[in-house]
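So this one's query_27.cif, mmCIF, C-alpha atoms:
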data_model
loop_
_atom_site.label_atom_id
_atom_site.label_comp_id
_atom_site.auth_asym_id
_atom_site.auth_seq_id
_atom_site.Cartn_x
_atom_site.Cartn_y
_atom_site.Cartn_z
CA MET A 57 -15.80 -31.66 21.78
CA ALA A 58 -14.99 -32.09 18.10
CA THR A 59 -13.15 -29.45 16.14
CA THR A 60 -15.41 -27.16 14.15
CA LYS A 61 -14.09 -25.81 10.85
CA TRP A 62 -15.23 -22.51 9.38
CA VAL A 63 -14.32 -21.14 5.95
CA LEU A 64 -14.26 -17.47 5.03
CA ASP A 65 -17.15 -16.34 2.84
CA PRO A 66 -15.58 -13.72 0.54
CA THR A 67 -18.96 -12.61 -0.79
CA HIS A 68 -19.88 -11.27 2.64
CA SER A 69 -16.46 -10.06 3.75
CA GLU A 70 -14.20 -7.09 3.12
CA VAL A 71 -10.62 -6.22 3.95
CA GLN A 72 -9.61 -2.56 4.08
CA PHE A 73 -6.63 -0.46 5.06
CA LYS A 74 -6.23 3.23 5.76
CA VAL A 75 -3.07 5.31 5.51
CA LYS A 76 -2.38 9.01 5.93
CA HIS A 77 -1.59 10.92 2.75
CA LEU A 78 0.37 14.17 3.06
CA VAL A 79 -0.41 13.92 6.80
CA ILE A 80 -3.67 15.81 6.22
CA SER A 81 -6.01 13.19 4.79
CA THR A 82 -6.58 9.46 4.71
CA VAL A 83 -6.56 7.13 1.73
CA THR A 84 -8.66 3.97 2.05
CA GLY A 85 -7.86 0.88 0.06
CA SER A 86 -8.99 -2.70 -0.01
CA PHE A 87 -7.98 -6.14 -1.15
CA LYS A 88 -10.57 -7.78 -3.41
CA THR A 89 -9.24 -11.37 -3.28
CA PHE A 90 -8.56 -13.21 -0.03
CA GLU A 91 -9.21 -16.47 1.75
CA GLY A 92 -9.25 -17.70 5.30
CA SER A 93 -10.23 -20.42 7.70
CA LEU A 94 -10.97 -20.78 11.38
CA GLU A 95 -10.86 -23.95 13.48
CA THR A 96 -12.18 -24.11 17.00
CA ASP A 97 -12.76 -26.66 19.74
CA ASN A 98 -14.87 -24.22 21.77
CA GLU A 99 -18.34 -22.74 21.29
CA ASP A 100 -17.05 -19.26 22.15
CA PHE A 101 -14.11 -19.34 19.66
CA THR A 102 -11.42 -19.07 22.36
CA ASP A 103 -8.20 -20.74 21.23
CA ALA A 104 -9.44 -20.76 17.61
CA LYS A 105 -6.79 -21.26 14.96
CA VAL A 106 -7.07 -18.61 12.26
CA GLU A 107 -5.33 -18.51 8.89
CA PHE A 108 -5.77 -15.80 6.33
CA SER A 109 -4.16 -14.72 3.08
CA LEU A 110 -4.57 -11.71 0.80
CA ASP A 111 -3.79 -11.57 -2.91
CA VAL A 112 -1.54 -8.49 -3.26
CA ASP A 113 -2.47 -8.14 -6.94
CA SER A 114 -6.08 -7.46 -5.89
CA ILE A 115 -5.21 -4.20 -4.10
CA ASP A 116 -7.66 -1.42 -4.93
CA THR A 117 -7.42 2.23 -3.87
CA THR A 118 -9.78 3.36 -6.68
CA GLN A 119 -6.83 4.91 -8.47
CA SER A 120 -5.11 2.55 -10.92
CA GLN A 121 -1.82 4.45 -11.11
CA ARG A 122 -1.47 4.34 -7.32
CA ASP A 123 -2.46 0.64 -7.28
CA GLU A 124 0.27 -0.17 -9.81
CA HIS A 125 2.80 1.72 -7.68
CA LEU A 126 1.71 -0.25 -4.59
CA LYS A 127 2.16 -3.54 -6.50
CA SER A 128 5.66 -2.50 -7.65
CA ALA A 129 8.97 -3.22 -5.94
CA ASP A 130 8.70 0.20 -4.20
CA PHE A 131 6.02 -1.32 -1.98
CA PHE A 132 4.57 -4.85 -2.00
CA ASP A 133 6.50 -6.28 -4.96
CA ALA A 134 3.52 -8.40 -5.98
CA ALA A 135 5.46 -10.24 -8.70
CA THR A 136 7.88 -11.70 -6.11
CA HIS A 137 5.59 -11.76 -3.07
CA PRO A 138 2.03 -12.36 -4.33
CA LYS A 139 0.45 -13.06 -0.91
CA ILE A 140 0.19 -11.41 2.49
CA THR A 141 -0.42 -14.10 5.09
CA PHE A 142 -1.55 -14.30 8.71
CA LYS A 143 -1.43 -17.28 11.05
CA SER A 144 -2.77 -17.01 14.59
CA THR A 145 -0.79 -17.87 17.71
CA SER A 146 -3.65 -17.19 20.16
CA PHE A 147 -7.31 -16.14 20.22
CA THR A 148 -8.37 -15.04 23.69
CA LYS A 149 -11.40 -13.44 25.35
CA ASP A 150 -11.01 -9.76 26.22
CA GLY A 151 -14.22 -8.73 27.97
CA ASP A 152 -16.99 -9.13 25.40
CA ASP A 153 -14.44 -9.12 22.58
CA TYR A 154 -11.25 -10.97 21.66
CA LYS A 155 -7.56 -10.41 21.12
CA LEU A 156 -6.12 -12.22 18.12
CA ASN A 157 -2.35 -12.64 18.17
CA GLY A 158 -0.47 -14.03 15.24
CA LEU A 159 2.28 -13.74 12.69
CA VAL A 160 1.79 -11.62 9.59
CA THR A 161 4.09 -11.97 6.60
CA ILE A 162 4.42 -9.13 4.12
CA LYS A 163 7.06 -9.50 1.44
CA ASP A 164 9.63 -11.72 3.19
CA VAL A 165 9.21 -10.20 6.65
CA THR A 166 7.25 -12.03 9.37
CA LYS A 167 6.36 -10.21 12.57
CA PRO A 168 3.92 -10.67 15.46
CA ILE A 169 0.77 -8.58 15.47
CA THR A 170 -2.17 -8.16 17.85
CA LEU A 171 -5.61 -7.55 16.39
CA ASN A 172 -8.83 -6.57 18.13
CA VAL A 173 -11.79 -8.77 17.28
CA GLU A 174 -15.44 -7.98 17.85
CA HIS A 175 -17.72 -10.99 17.46
CA GLY A 176 -20.89 -9.92 15.68
CA GLY A 177 -22.68 -13.19 16.41
CA ILE A 178 -23.82 -16.39 14.73
CA ALA A 179 -26.80 -16.65 12.39
CA GLY A 180 -28.31 -18.96 9.80
CA ASP A 181 -28.69 -17.80 6.21
CA PHE A 182 -31.42 -18.54 3.63
CA TYR A 183 -29.60 -21.68 2.51
CA GLY A 184 -29.33 -23.36 5.91
CA ASN A 185 -25.69 -22.38 6.44
CA THR A 186 -24.44 -21.27 9.85
CA LYS A 187 -22.41 -18.07 9.67
CA ALA A 188 -20.21 -16.28 12.20
CA GLY A 189 -19.35 -12.61 11.79
CA PHE A 190 -16.36 -10.70 13.11
CA GLU A 191 -14.91 -7.21 12.82
CA VAL A 192 -11.13 -7.25 13.05
CA SER A 193 -9.02 -4.13 13.50
CA GLY A 194 -5.41 -3.32 14.16
CA LYS A 195 -2.42 -1.30 13.11
CA ILE A 196 1.00 -2.01 11.67
CA ASN A 197 3.98 0.13 10.80
CA ARG A 198 4.62 -0.45 7.09
CA LYS A 199 8.37 0.18 7.42
CA GLU A 200 8.75 -2.83 9.73
CA PHE A 201 7.69 -4.99 6.78
CA GLY A 202 10.07 -3.54 4.23
CA LEU A 203 7.55 -1.10 2.75
CA THR A 204 10.05 1.70 3.10
CA TRP A 205 9.35 3.90 0.06
CA ASP A 206 9.17 7.53 1.11
CA GLY A 207 8.16 10.54 -0.87
CA VAL A 208 8.53 14.08 0.39
CA THR A 209 6.89 17.05 -1.29
CA GLU A 210 8.76 20.23 -2.16
CA ALA A 211 7.27 21.77 0.98
CA GLY A 212 8.67 18.90 3.07
CA SER A 213 5.42 17.01 3.71
CA ILE A 214 5.62 13.23 3.97
CA VAL A 215 3.56 11.67 1.19
CA VAL A 216 2.69 8.33 2.82
CA GLY A 217 2.27 7.76 6.56
CA GLU A 218 4.03 4.88 8.32
CA ASP A 219 1.07 3.56 10.32
CA ILE A 220 -1.44 1.47 8.42
CA LYS A 221 -4.86 0.89 9.99
CA LEU A 222 -6.37 -2.49 9.19
CA ILE A 223 -10.11 -3.15 9.21
CA ALA A 224 -11.69 -6.43 8.15
CA ASN A 225 -15.34 -7.37 8.35
CA VAL A 226 -15.43 -11.11 7.81
CA GLN A 227 -18.06 -13.78 7.74
CA PHE A 228 -17.21 -17.47 8.13
CA ALA A 229 -19.40 -20.38 7.08
CA LYS A 230 -19.49 -23.44 9.33
CA GLN A 231 -18.43 -26.62 7.56
CA ALA A 232 -20.56 -29.73 7.98
#
How does the structure come out when it is put into structure tokens?
Amino acid sequence: MATTKWVLDPTHSEVQFKVKHLVISTVTGSFKTFEGSLETDNEDFTDAKVEFSLDVDSIDTTQSQRDEHLKSADFFDAATHPKITFKSTSFTKDGDDYKLNGLVTIKDVTKPITLNVEHGGIAGDFYGNTKAGFEVSGKINRKEFGLTWDGVTEAGSIVVGEDIKLIANVQFAKQA
């Protein structure tokens, strides 16, 4: 079977993260600019090759002062490391869903990560394009990627949690 190429449709996709703030609440943020591709030799997407990158400068937590802090050297250092990248090492069936293993690079640190993938299905759009939808979720520890800034309040509460939840709803368009 020939390789099928799919390209991420950013108009119908979103990439979000969630992190605990002061241990008592959660801040949700997103990246507004990203790109990705998927190549598969199989109808069911097993063994697909996935590549993805996020533009760090597009981070948005709906609070510009916080966004600027996240772009600074305290966190992502967007000026030096403008992209967060992911490259798959395996894409395997897990019941009705999938496990996506790969290498994520944040700043200059590359580490393996496992993501859960729910396949939403395949559908045609109004323009005759074939689309595939997926919900991807996972978790990383920010400190493992050099995002080590810590703030502690006067009362001793940690300002930013270490675990970052990742949620992406992505739609890929099949290439002719």
How far is it from atom CA of Asp164 of chain A to atom CA of Thr96 of chain A, in Å with one decimal?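 Between these atoms lies a distance of 28.6 Å.
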Might you pull out every residue within 12 Å of Asp181 of chain A, with all atoms listed in the file counted and same-chain residues fewer than 6 positions away left off, and present them as a PDB file with C-alpha atoms, in the coordinates of the input?
ATOM      1  CA  HIS A  68     -19.880 -11.270   2.640  1.00  0.00           C
ATOM      2  CA  LYS A 187     -22.410 -18.070   9.670  1.00  0.00           C
ATOM      3  CA  ALA A 188     -20.210 -16.280  12.200  1.00  0.00           C
ATOM      4  CA  GLN A 227     -18.060 -13.780   7.740  1.00  0.00           C
ATOM      5  CA  PHE A 228     -17.210 -17.470   8.130  1.00  0.00           C
ATOM      6  CA  ALA A 229     -19.400 -20.380   7.080  1.00  0.00           C
ATOM      7  CA  LYS A 230     -19.490 -23.440   9.330  1.00  0.00           C
TER       8      LYS A 230
END
Picked residues, the PyMOL selection byres ((chain A and resi 84) around 6), as a compact mmCIF listing (two decimals) with C-alpha atoms, keeping the file's coordinate frame:
# COMPACT_ATOMS: atom_id res chain seq x y z
CA PHE A 73 -6.63 -0.46 5.06
CA LYS A 74 -6.23 3.23 5.76
CA VAL A 83 -6.56 7.13 1.73
CA GLY A 85 -7.86 0.88 0.06
Given the PyMOL selection byres ((chain A and resi 104-108) around 8), the residues it picks as an mmCIF file with C-alpha atoms, in the coordinates of the input:
data_model
loop_
_atom_site.group_PDB
_atom_site.id
_atom_site.type_symbol
_atom_site.label_atom_id
_atom_site.label_comp_id
_atom_site.auth_asym_id
_atom_site.auth_seq_id
_atom_site.Cartn_x
_atom_site.Cartn_y
_atom_site.Cartn_z
ATOM 1 C CA PHE A 90 -8.560 -13.210 -0.030
ATOM 2 C CA GLU A 91 -9.210 -16.470 1.750
ATOM 3 C CA GLY A 92 -9.250 -17.700 5.300
ATOM 4 C CA SER A 93 -10.230 -20.420 7.700
ATOM 5 C CA LEU A 94 -10.970 -20.780 11.380
ATOM 6 C CA GLU A 95 -10.860 -23.950 13.480
ATOM 7 C CA THR A 96 -12.180 -24.110 17.000
ATOM 8 C CA ASP A 97 -12.760 -26.660 19.740
ATOM 9 C CA ASN A 98 -14.870 -24.220 21.770
ATOM 10 C CA PHE A 101 -14.110 -19.340 19.660
ATOM 11 C CA THR A 102 -11.420 -19.070 22.360
ATOM 12 C CA ASP A 103 -8.200 -20.740 21.230
ATOM 13 C CA SER A 109 -4.160 -14.720 3.080
ATOM 14 C CA LEU A 110 -4.570 -11.710 0.800
ATOM 15 C CA THR A 141 -0.420 -14.100 5.090
ATOM 16 C CA PHE A 142 -1.550 -14.300 8.710
ATOM 17 C CA LYS A 143 -1.430 -17.280 11.050
ATOM 18 C CA SER A 144 -2.770 -17.010 14.590
ATOM 19 C CA THR A 145 -0.790 -17.870 17.710
ATOM 20 C CA SER A 146 -3.650 -17.190 20.160
ATOM 21 C CA PHE A 147 -7.310 -16.140 20.220
#
One decimal, in Å: what's the spacing between atom CA of Thr170 of chain A and atom CA of Glu124 of chain A?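 Answer for the atom CA of Thr170 of chain A to atom CA of Glu124 of chain A separation: 28.9 Å.
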Generate the missing atoms of segment 121-136 of chain A up to N, CA, C and O atoms and report them as a PDB file, in the coordinates of the input.
ATOM      1  N   GLN A 121      -3.238   4.103 -11.104  1.00  0.00           N
ATOM      2  CA  GLN A 121      -1.820   4.450 -11.110  1.00  0.00           C
ATOM      3  C   GLN A 121      -1.208   4.199  -9.724  1.00  0.00           C
ATOM      4  O   GLN A 121      -0.119   3.639  -9.603  1.00  0.00           O
ATOM      5  N   ARG A 122      -1.941   4.575  -8.685  1.00  0.00           N
ATOM      6  CA  ARG A 122      -1.470   4.340  -7.320  1.00  0.00           C
ATOM      7  C   ARG A 122      -1.419   2.832  -7.036  1.00  0.00           C
ATOM      8  O   ARG A 122      -0.483   2.338  -6.426  1.00  0.00           O
ATOM      9  N   ASP A 123      -2.451   2.093  -7.497  1.00  0.00           N
ATOM     10  CA  ASP A 123      -2.460   0.640  -7.280  1.00  0.00           C
ATOM     11  C   ASP A 123      -1.244  -0.014  -7.921  1.00  0.00           C
ATOM     12  O   ASP A 123      -0.610  -0.884  -7.318  1.00  0.00           O
ATOM     13  N   GLU A 124      -0.909   0.402  -9.140  1.00  0.00           N
ATOM     14  CA  GLU A 124       0.270  -0.170  -9.810  1.00  0.00           C
ATOM     15  C   GLU A 124       1.536   0.151  -9.029  1.00  0.00           C
ATOM     16  O   GLU A 124       2.433  -0.685  -8.928  1.00  0.00           O
ATOM     17  N   HIS A 125       1.631   1.353  -8.483  1.00  0.00           N
ATOM     18  CA  HIS A 125       2.800   1.720  -7.680  1.00  0.00           C
ATOM     19  C   HIS A 125       2.877   0.835  -6.426  1.00  0.00           C
ATOM     20  O   HIS A 125       3.945   0.354  -6.063  1.00  0.00           O
ATOM     21  N   LEU A 126       1.724   0.600  -5.785  1.00  0.00           N
ATOM     22  CA  LEU A 126       1.710  -0.250  -4.590  1.00  0.00           C
ATOM     23  C   LEU A 126       2.112  -1.690  -4.909  1.00  0.00           C
ATOM     24  O   LEU A 126       2.721  -2.369  -4.081  1.00  0.00           O
ATOM     25  N   LYS A 127       1.795  -2.170  -6.101  1.00  0.00           N
ATOM     26  CA  LYS A 127       2.160  -3.540  -6.500  1.00  0.00           C
ATOM     27  C   LYS A 127       3.627  -3.644  -6.896  1.00  0.00           C
ATOM     28  O   LYS A 127       4.175  -4.743  -6.947  1.00  0.00           O
ATOM     29  N   SER A 128       4.270  -2.509  -7.167  1.00  0.00           N
ATOM     30  CA  SER A 128       5.660  -2.500  -7.650  1.00  0.00           C
ATOM     31  C   SER A 128       6.644  -2.811  -6.528  1.00  0.00           C
ATOM     32  O   SER A 128       6.287  -2.909  -5.354  1.00  0.00           O
ATOM     33  N   ALA A 129       7.902  -2.923  -6.906  1.00  0.00           N
ATOM     34  CA  ALA A 129       8.970  -3.220  -5.940  1.00  0.00           C
ATOM     35  C   ALA A 129       9.140  -2.094  -4.907  1.00  0.00           C
ATOM     36  O   ALA A 129       9.674  -2.326  -3.833  1.00  0.00           O
ATOM     37  N   ASP A 130       8.646  -0.895  -5.192  1.00  0.00           N
ATOM     38  CA  ASP A 130       8.700   0.200  -4.200  1.00  0.00           C
ATOM     39  C   ASP A 130       7.921  -0.164  -2.943  1.00  0.00           C
ATOM     40  O   ASP A 130       8.247   0.287  -1.848  1.00  0.00           O
ATOM     41  N   PHE A 131       6.861  -0.955  -3.108  1.00  0.00           N
ATOM     42  CA  PHE A 131       6.020  -1.320  -1.980  1.00  0.00           C
ATOM     43  C   PHE A 131       5.921  -2.839  -1.816  1.00  0.00           C
ATOM     44  O   PHE A 131       6.825  -3.463  -1.298  1.00  0.00           O
ATOM     45  N   PHE A 132       4.831  -3.436  -2.280  1.00  0.00           N
ATOM     46  CA  PHE A 132       4.570  -4.850  -2.000  1.00  0.00           C
ATOM     47  C   PHE A 132       5.328  -5.833  -2.873  1.00  0.00           C
ATOM     48  O   PHE A 132       5.457  -6.992  -2.522  1.00  0.00           O
ATOM     49  N   ASP A 133       5.796  -5.391  -4.029  1.00  0.00           N
ATOM     50  CA  ASP A 133       6.500  -6.280  -4.960  1.00  0.00           C
ATOM     51  C   ASP A 133       5.683  -7.545  -5.235  1.00  0.00           C
ATOM     52  O   ASP A 133       6.091  -8.677  -4.968  1.00  0.00           O
ATOM     53  N   ALA A 134       4.482  -7.325  -5.766  1.00  0.00           N
ATOM     54  CA  ALA A 134       3.520  -8.400  -5.980  1.00  0.00           C
ATOM     55  C   ALA A 134       4.058  -9.533  -6.857  1.00  0.00           C
ATOM     56  O   ALA A 134       3.703 -10.694  -6.678  1.00  0.00           O
ATOM     57  N   ALA A 135       4.925  -9.206  -7.796  1.00  0.00           N
ATOM     58  CA  ALA A 135       5.460 -10.240  -8.700  1.00  0.00           C
ATOM     59  C   ALA A 135       6.280 -11.265  -7.911  1.00  0.00           C
ATOM     60  O   ALA A 135       6.211 -12.464  -8.184  1.00  0.00           O
ATOM     61  N   THR A 136       7.041 -10.812  -6.920  1.00  0.00           N
ATOM     62  CA  THR A 136       7.880 -11.700  -6.110  1.00  0.00           C
ATOM     63  C   THR A 136       7.145 -12.236  -4.889  1.00  0.00           C
ATOM     64  O   THR A 136       7.367 -13.363  -4.468  1.00  0.00           O
TER      65      THR A 136
END
